[in-house]
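> This is the content of query.txt (compact mmCIF, C-alpha atoms):
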# COMPACT_ATOMS: atom_id res chain seq x y z
CA VAL A 1 68.93 85.84 111.28
CA VAL A 2 68.55 82.07 110.76
CA GLY A 3 65.35 80.32 109.71
CA ILE A 4 63.77 77.26 108.22
CA LEU A 5 60.66 77.10 105.99
CA THR A 6 58.51 74.07 105.19
CA LYS A 7 55.65 73.79 102.67
CA PHE A 8 53.02 71.08 102.28
CA ASP A 9 50.27 71.69 99.74
CA GLU A 10 48.51 74.85 100.96
CA THR A 11 50.21 74.89 104.38
CA ASN A 12 53.39 76.85 105.21
CA ALA A 13 55.36 76.86 108.45
CA ALA A 14 58.50 78.78 109.43
CA LEU A 15 60.85 78.94 112.40
CA VAL A 16 63.16 81.98 112.61
CA TYR A 17 65.80 83.10 115.11
CA HIS A 18 66.86 86.76 115.37
CA GLN A 19 70.08 87.58 117.17
CA ALA A 20 69.97 90.46 119.64
CA ILE A 21 71.02 93.93 118.44
CA ASP A 22 73.04 95.80 121.06
CA PRO A 23 75.41 98.40 119.53
CA THR A 24 77.57 100.04 122.17
CA PHE A 25 79.25 103.45 122.20
CA VAL A 26 82.65 103.52 123.98
CA GLN A 27 84.87 106.59 124.28
CA SER A 28 88.10 106.64 126.31
CA LEU A 29 90.00 109.79 127.22
CA ASP A 30 92.97 110.76 129.36
CA ALA A 31 92.70 114.40 130.44
CA GLN A 32 95.85 116.10 131.71
CA ALA A 33 96.41 119.65 132.93
CA GLN A 34 99.18 121.51 134.68
CA VAL A 35 98.23 122.69 138.16
CA GLY A 36 100.90 124.84 139.78
CA THR A 37 104.15 122.91 139.59
CA GLY A 38 102.44 119.57 139.18
CA ASN A 39 100.29 117.78 136.63
CA PHE A 40 96.66 116.76 137.09
CA ARG A 41 95.59 113.56 135.28
CA GLN A 42 92.04 112.19 134.99
CA PRO A 43 91.43 109.11 132.79
CA ALA A 44 87.83 108.22 131.99
CA THR A 45 85.81 105.84 129.83
CA LEU A 46 82.29 106.67 128.63
CA ARG A 47 80.05 103.76 127.72
CA ALA A 48 76.42 103.51 126.55
CA THR A 49 74.06 101.17 124.73
CA LEU A 50 72.67 103.02 121.70
CA TYR A 51 69.52 100.89 121.40
CA TYR A 52 68.49 97.32 122.12
CA GLU A 53 66.52 94.61 120.34
CA PRO A 54 66.33 91.24 122.14
CA HIS A 55 67.07 87.73 120.97
CA GLU A 56 63.85 86.46 119.38
CA LEU A 57 62.52 83.06 118.36
CA GLU A 58 59.53 83.16 115.98
CA LEU A 59 57.15 80.41 114.89
CA GLU A 60 54.70 81.09 112.06
CA GLY A 61 52.05 78.93 110.39
CA GLN A 62 49.91 79.77 107.37
CA GLN A 63 47.01 77.95 105.72
CA ARG A 64 45.44 78.93 102.39
CA PHE A 65 41.78 78.34 101.63
CA GLU A 66 39.64 79.07 98.59
CA TRP A 67 38.48 82.36 100.12
CA GLY A 68 41.88 83.51 101.41
CA LYS A 69 44.40 82.50 104.05
CA VAL A 70 44.89 82.47 107.83
CA SER A 71 48.18 82.99 109.69
CA LEU A 72 49.07 82.21 113.29
CA GLY A 73 52.33 83.31 114.87
CA LEU A 74 54.14 83.21 118.18
CA SER A 75 57.40 84.89 119.15
CA TYR A 76 59.46 84.47 122.30
CA GLN A 77 61.66 87.46 123.18
CA PHE A 78 64.64 87.25 125.55
CA TRP A 79 64.74 90.48 127.57
CA PHE A 80 66.81 89.32 130.57
CA GLN A 81 69.99 90.91 129.12
CA TYR A 82 68.36 94.29 128.45
CA ARG A 83 70.55 97.32 129.13
CA PRO A 84 69.05 100.84 129.10
CA ALA A 85 70.50 103.55 126.85
CA VAL A 86 72.14 105.42 129.73
CA LEU A 87 75.62 106.97 129.60
CA LEU A 88 77.96 105.35 132.16
CA THR A 89 81.32 106.76 133.23
CA GLU A 90 84.31 104.78 134.53
CA THR A 91 87.19 106.73 136.10
CA THR A 92 89.41 106.86 139.23
CA ASP A 93 89.29 108.90 142.41
CA ALA A 94 92.09 110.95 143.98
CA GLN A 95 93.62 107.80 145.47
CA GLY A 96 93.57 105.95 142.15
CA ASN A 97 90.68 103.65 143.08
CA PRO A 98 88.29 102.79 140.20
CA VAL A 99 84.83 104.34 140.43
CA SER A 100 81.89 104.24 138.04
CA THR A 101 78.31 105.41 137.78
CA GLN A 102 75.73 102.77 138.56
CA PRO A 103 73.10 101.98 135.90
CA PRO A 104 69.46 102.35 136.93
CA THR A 105 67.91 99.15 138.20
CA GLY A 106 64.98 97.36 136.60
CA VAL A 107 63.53 93.86 136.42
CA PHE A 108 62.86 92.55 132.91
CA ARG A 109 61.28 89.25 131.94
CA ASN A 110 61.11 87.29 128.71
CA THR A 111 57.83 87.69 126.85
CA LEU A 112 55.56 85.51 124.70
CA ASN A 113 53.91 87.49 121.88
CA PRO A 114 51.00 85.87 119.98
CA ARG A 115 49.59 87.21 116.72
CA THR A 116 47.03 86.21 114.11
CA SER A 117 45.83 87.53 110.77
CA ALA A 118 43.38 86.64 108.00
CA GLU A 119 43.18 87.62 104.34
CA PHE A 120 39.94 87.55 102.32
CA ASP A 121 40.12 87.42 98.51
CA PHE A 122 37.49 88.88 96.18
CA LEU A 123 37.13 89.39 92.41
CA ASP A 124 39.29 86.41 91.46
CA ARG A 125 41.94 87.34 94.06
CA SER A 126 42.47 90.80 92.58
CA LEU A 127 41.01 92.46 95.70
CA THR A 128 42.28 91.46 99.15
CA PHE A 129 41.09 92.61 102.55
CA ALA A 130 43.30 91.72 105.54
CA VAL A 131 42.89 92.07 109.29
CA GLY A 132 45.39 91.23 112.03
CA TYR A 133 45.88 91.35 115.78
CA GLN A 134 48.98 91.14 117.98
CA TYR A 135 49.48 91.17 121.75
CA ARG A 136 52.75 92.56 123.11
CA PRO A 137 53.16 92.05 126.86
CA THR A 138 55.59 94.42 128.50
CA PRO A 139 58.97 92.99 129.53
CA ALA A 140 59.30 95.64 132.27
CA GLU A 141 58.09 93.66 135.27
CA ASP A 142 59.01 96.13 138.03
CA LEU A 143 59.21 99.90 137.49
CA SER A 144 59.47 100.91 141.15
CA GLY A 145 63.24 101.43 140.93
CA SER A 146 65.29 104.25 139.41
CA LEU A 147 64.83 103.11 135.80
CA ASN A 148 62.15 105.29 134.17
CA SER A 149 61.25 102.88 131.38
CA VAL A 150 57.56 103.66 130.86
CA ASP A 151 55.97 100.62 129.23
CA SER A 152 52.76 98.59 129.40
CA ASN A 153 50.98 95.67 127.73
CA THR A 154 50.01 96.69 124.19
CA HIS A 155 47.31 95.48 121.79
CA VAL A 156 47.83 96.08 118.06
CA VAL A 157 45.06 95.86 115.42
CA GLY A 158 45.73 96.30 111.71
CA LEU A 159 43.62 96.55 108.55
CA SER A 160 44.59 96.70 104.89
CA LEU A 161 42.97 96.72 101.45
CA THR A 162 44.93 95.83 98.30
CA HIS A 163 43.74 96.00 94.69
CA ARG A 164 45.79 94.39 91.90
CA VAL A 165 45.13 95.79 88.43
CA GLY A 166 45.99 94.01 85.18
CA THR A 167 47.94 96.82 83.52
CA SER A 168 49.23 100.21 84.58
CA PRO A 169 48.94 103.57 82.77
CA PHE A 170 52.75 103.54 82.40
CA SER A 171 53.37 100.07 80.95
CA ASP A 172 51.78 96.72 80.11
CA SER A 173 52.92 95.29 83.46
CA ALA A 174 50.60 94.78 86.41
CA PHE A 175 50.41 97.26 89.27
CA GLU A 176 48.61 97.43 92.60
CA TRP A 177 47.48 100.03 95.11
CA GLY A 178 46.32 99.77 98.68
CA LEU A 179 45.33 101.35 101.97
CA PHE A 180 46.49 100.30 105.42
CA GLY A 181 46.18 101.33 109.05
CA GLN A 182 47.21 100.25 112.55
CA TYR A 183 45.95 101.10 116.03
CA HIS A 184 48.06 100.53 119.17
CA TRP A 185 46.40 100.53 122.58
CA SER A 186 48.60 100.33 125.71
CA GLU A 187 46.82 99.28 128.89
CA GLU A 188 46.75 101.73 131.81
CA ARG A 189 49.44 100.93 134.35
CA GLU A 190 50.01 102.27 137.86
CA ILE A 191 53.68 102.98 138.64
CA SER A 192 54.84 103.47 142.24
CA LYS A 193 58.43 104.54 142.95
CA LEU A 194 60.21 103.22 146.05
CA ASN A 195 62.56 106.22 146.32
CA PRO A 196 61.25 109.09 144.19
CA SER A 197 63.59 111.98 143.48
CA PRO A 198 62.88 115.28 145.33
CA GLY A 199 60.00 117.18 143.78
CA SER A 200 58.71 114.19 141.76
CA SER A 201 55.59 112.14 142.34
CA GLN A 202 55.84 108.78 144.12
CA SER A 203 53.11 107.20 141.99
CA TYR A 204 51.48 107.93 138.65
CA SER A 205 49.54 106.11 135.95
CA PHE A 206 50.52 105.55 132.32
CA SER A 207 48.53 104.68 129.19
CA ALA A 208 48.85 105.45 125.48
CA ASN A 209 47.05 105.15 122.16
CA THR A 210 48.78 105.39 118.79
CA SER A 211 47.51 105.09 115.24
CA THR A 212 49.21 105.01 111.86
CA TYR A 213 47.78 104.81 108.38
CA GLY A 214 48.80 105.28 104.76
CA ALA A 215 48.43 104.37 101.11
CA PHE A 216 50.76 102.86 98.54
CA LEU A 217 51.07 102.40 94.80
CA LYS A 218 53.31 99.70 93.34
CA ALA A 219 54.03 99.37 89.62
CA GLU A 220 56.52 97.49 87.45
CA LEU A 221 57.97 99.91 84.93
Go ahead and render the structure in this file as structure tokens.

Amino acid sequence: VVGILTKFDETNAALVYHQAIDPTFVQSLDAQAQVGTGNFRQPATLRATLYYEPHELELEGQQRFEWGKVSLGLSYQFWFQYRPAVLLTETTDAQGNPVSTQPPTGVFRNTLNPRTSAEFDFLDRSLTFAVGYQYRPTPAEDLSGSLNSVDSNTHVVGLSLTHRVGTSPFSDSAFEWGLFGQYHWSEEREISKLNPSPGSSQSYSFSANTSTYGAFLKAEL
């Protein structure tokens, strides 16, 4: 992660680059067994991507006002090198020719992800209410192939309430508590397979809604 931060009075701006995360599992083996008077040998290499996070370039701007602050952000994610978490095998046939399983095909595009948030201060900035929104377009452009990566454009809305108290019951230091919640709404998407597997549907629709919420208490002991 590499970034740069600039500040001018009540205005902050940051530019951050995140390198892609692509840990890979590789296991090589050389199986041998005696068959009759001869020996059978089968070398193989197993390879898989454990999970993937793309290269990302983020730009963030923040402006403070008397009543609170406003933030605007934009991230560009590089998905063209995405590899699914599918186990691939490389080995040889009876004639010694190399053979390998073929990864499922899929078309992925880079995405532009905007976001914005606002914080409102009350009671001499001891009480803060925040609201935010983010749009995450799907990088999966074409799902008609063999790759079953179910994904769609997603809208994210978040709310939070934070209260900072002068002293805590445990010490003379300040503490704060808060409530927060998020709601994710994925747009309905129609998926049509070019060559569906036997017994499976050629087309189907996908949509999803997810929510998360919680509370926290932070104190300096």
> Near stretch 41-53 of chain A, counting only C-alpha atoms, which residues have an atom at most 8 Å away, once you skip same-chain residues fewer than 3 positions from it, shown as a ChimeraX atom specification?
/A:20-33,82-92
> Compare A:Glu190, A:Asp121, A:Glu220, A:Glu56 by their minimum atom-to-atom distance to A:Asp151, counting only C-alpha atoms, and give me the closest one.
A:Glu190
> Considering only C-alpha atoms, return as a compact mmCIF listing (two decimals) with C-alpha atoms, in the coordinates of the input whatever protein or nucleic-acid residues lie within 6 Å of A:Ile191, sequence-local ones (same chain, fewer than 3 positions apart) excluded.

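Wrote it out as selection.txt, contents follow:
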# COMPACT_ATOMS: atom_id res chain seq x y z
CA SER A 203 53.11 107.20 141.99
CA TYR A 204 51.48 107.93 138.65
CA SER A 205 49.54 106.11 135.95
> Skipping near chain neighbours, those fewer than 4 positions away, what residues fall within 7 Å of stretch 14-17 of chain A using all atoms listed in the file, listed as a list in words?
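After dropping sequence-adjacent residues, the list is Val1, Val2, Gly3, Ile4, Leu5, Thr6, Glu56, Leu57, Glu58, Leu59, Glu60 and Gly61 of chain A.
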> What's the 10 Å shell around A:Gly132, counting all atoms listed in the file, without same-chain residues fewer than 5 positions away, as a count of residues only?
14
> As an exercise, work out the distance from atom CA of A:Trp177 to atom CA of A:His163 in Å and give it to one decimal place.
5.5 Å
> Could you work out how far atom CA of A:Tyr135 lies from atom CA of A:Phe120, giving the answer in Å with one decimal?
21.9 Å
> Please write as a short mmCIF file (atom, residue, chain, number, x, y, z; two decimals) with C-alpha atoms, keeping the file's coordinate frame the list of polymer residues whose atoms come within 10 Å of (43.0, 93.2, 123.5), counting all atoms listed in the file and keeping to the coordinates of the file.

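Below you can see part28.cif, which holds the result:
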data_model
loop_
_atom_site.label_atom_id
_atom_site.label_comp_id
_atom_site.auth_asym_id
_atom_site.auth_seq_id
_atom_site.Cartn_x
_atom_site.Cartn_y
_atom_site.Cartn_z
CA TYR A 133 45.88 91.35 115.78
CA GLN A 134 48.98 91.14 117.98
CA TYR A 135 49.48 91.17 121.75
CA ARG A 136 52.75 92.56 123.11
CA ASN A 153 50.98 95.67 127.73
CA THR A 154 50.01 96.69 124.19
CA HIS A 155 47.31 95.48 121.79
CA VAL A 156 47.83 96.08 118.06
CA VAL A 157 45.06 95.86 115.42
CA HIS A 184 48.06 100.53 119.17
CA TRP A 185 46.40 100.53 122.58
CA SER A 186 48.60 100.33 125.71
CA GLU A 187 46.82 99.28 128.89
#
> Rounded to one decimal in Å, what is the spacing between atom CA of A:Ala140 and atom CA of A:Glu188?
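Distance reported for this atom pair: 14.0 Å.
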> Using only C-alpha atoms, which of A:Phe129, A:Ala94, A:Gly166, A:Arg189 sits nearest A:Glu141?
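Looking only at the distances to A:Glu141, the closest residue turns out to be A:Arg189.
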> Ranking A:Ser192, A:Gly145, A:Asn110, A:Lys218 by minimum distance to A:Thr162 and counting only C-alpha atoms, which one comes first?
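Among the listed residues, A:Lys218 lies closest to A:Thr162.
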> Could you check which of A:Phe122, A:Phe40, A:Phe78, A:Phe206 is closest to A:Glu66, using only C-alpha atoms?
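Checking each candidate against A:Glu66, we get A:Phe122 as the closest.
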> Let me have the centre and edge lengths in Å, one decimal, of the box along x, y and z around every listed atom of stretch 178-181 of chain A with 4 Å of margin on each side, as AutoDock Vina command-line options.

--center_x 45.9 --center_y 100.6 --center_z 103.9 --size_x 9.2 --size_y 9.6 --size_z 18.4
> Got a sec to check which residues sit within 9 Å of (59.2, 91.6, 131.3), counting all atoms listed in the file, and write them as a short mmCIF file (atom, residue, chain, number, x, y, z; two decimals) with C-alpha atoms, in the frame of the given file?

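Full text of selection_14.cif as output:
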data_model
loop_
_atom_site.label_atom_id
_atom_site.label_comp_id
_atom_site.auth_asym_id
_atom_site.auth_seq_id
_atom_site.Cartn_x
_atom_site.Cartn_y
_atom_site.Cartn_z
CA TRP A 79 64.74 90.48 127.57
CA PHE A 80 66.81 89.32 130.57
CA VAL A 107 63.53 93.86 136.42
CA PHE A 108 62.86 92.55 132.91
CA ARG A 109 61.28 89.25 131.94
CA ASN A 110 61.11 87.29 128.71
CA THR A 111 57.83 87.69 126.85
CA PRO A 137 53.16 92.05 126.86
CA THR A 138 55.59 94.42 128.50
CA PRO A 139 58.97 92.99 129.53
CA ALA A 140 59.30 95.64 132.27
CA GLU A 141 58.09 93.66 135.27
CA ASP A 142 59.01 96.13 138.03
#
> For A:Pro103, which residue out of A:Asn148, A:Gln63, A:Ser75, A:Thr37 is the nearest one, using only C-alpha atoms?
A:Asn148
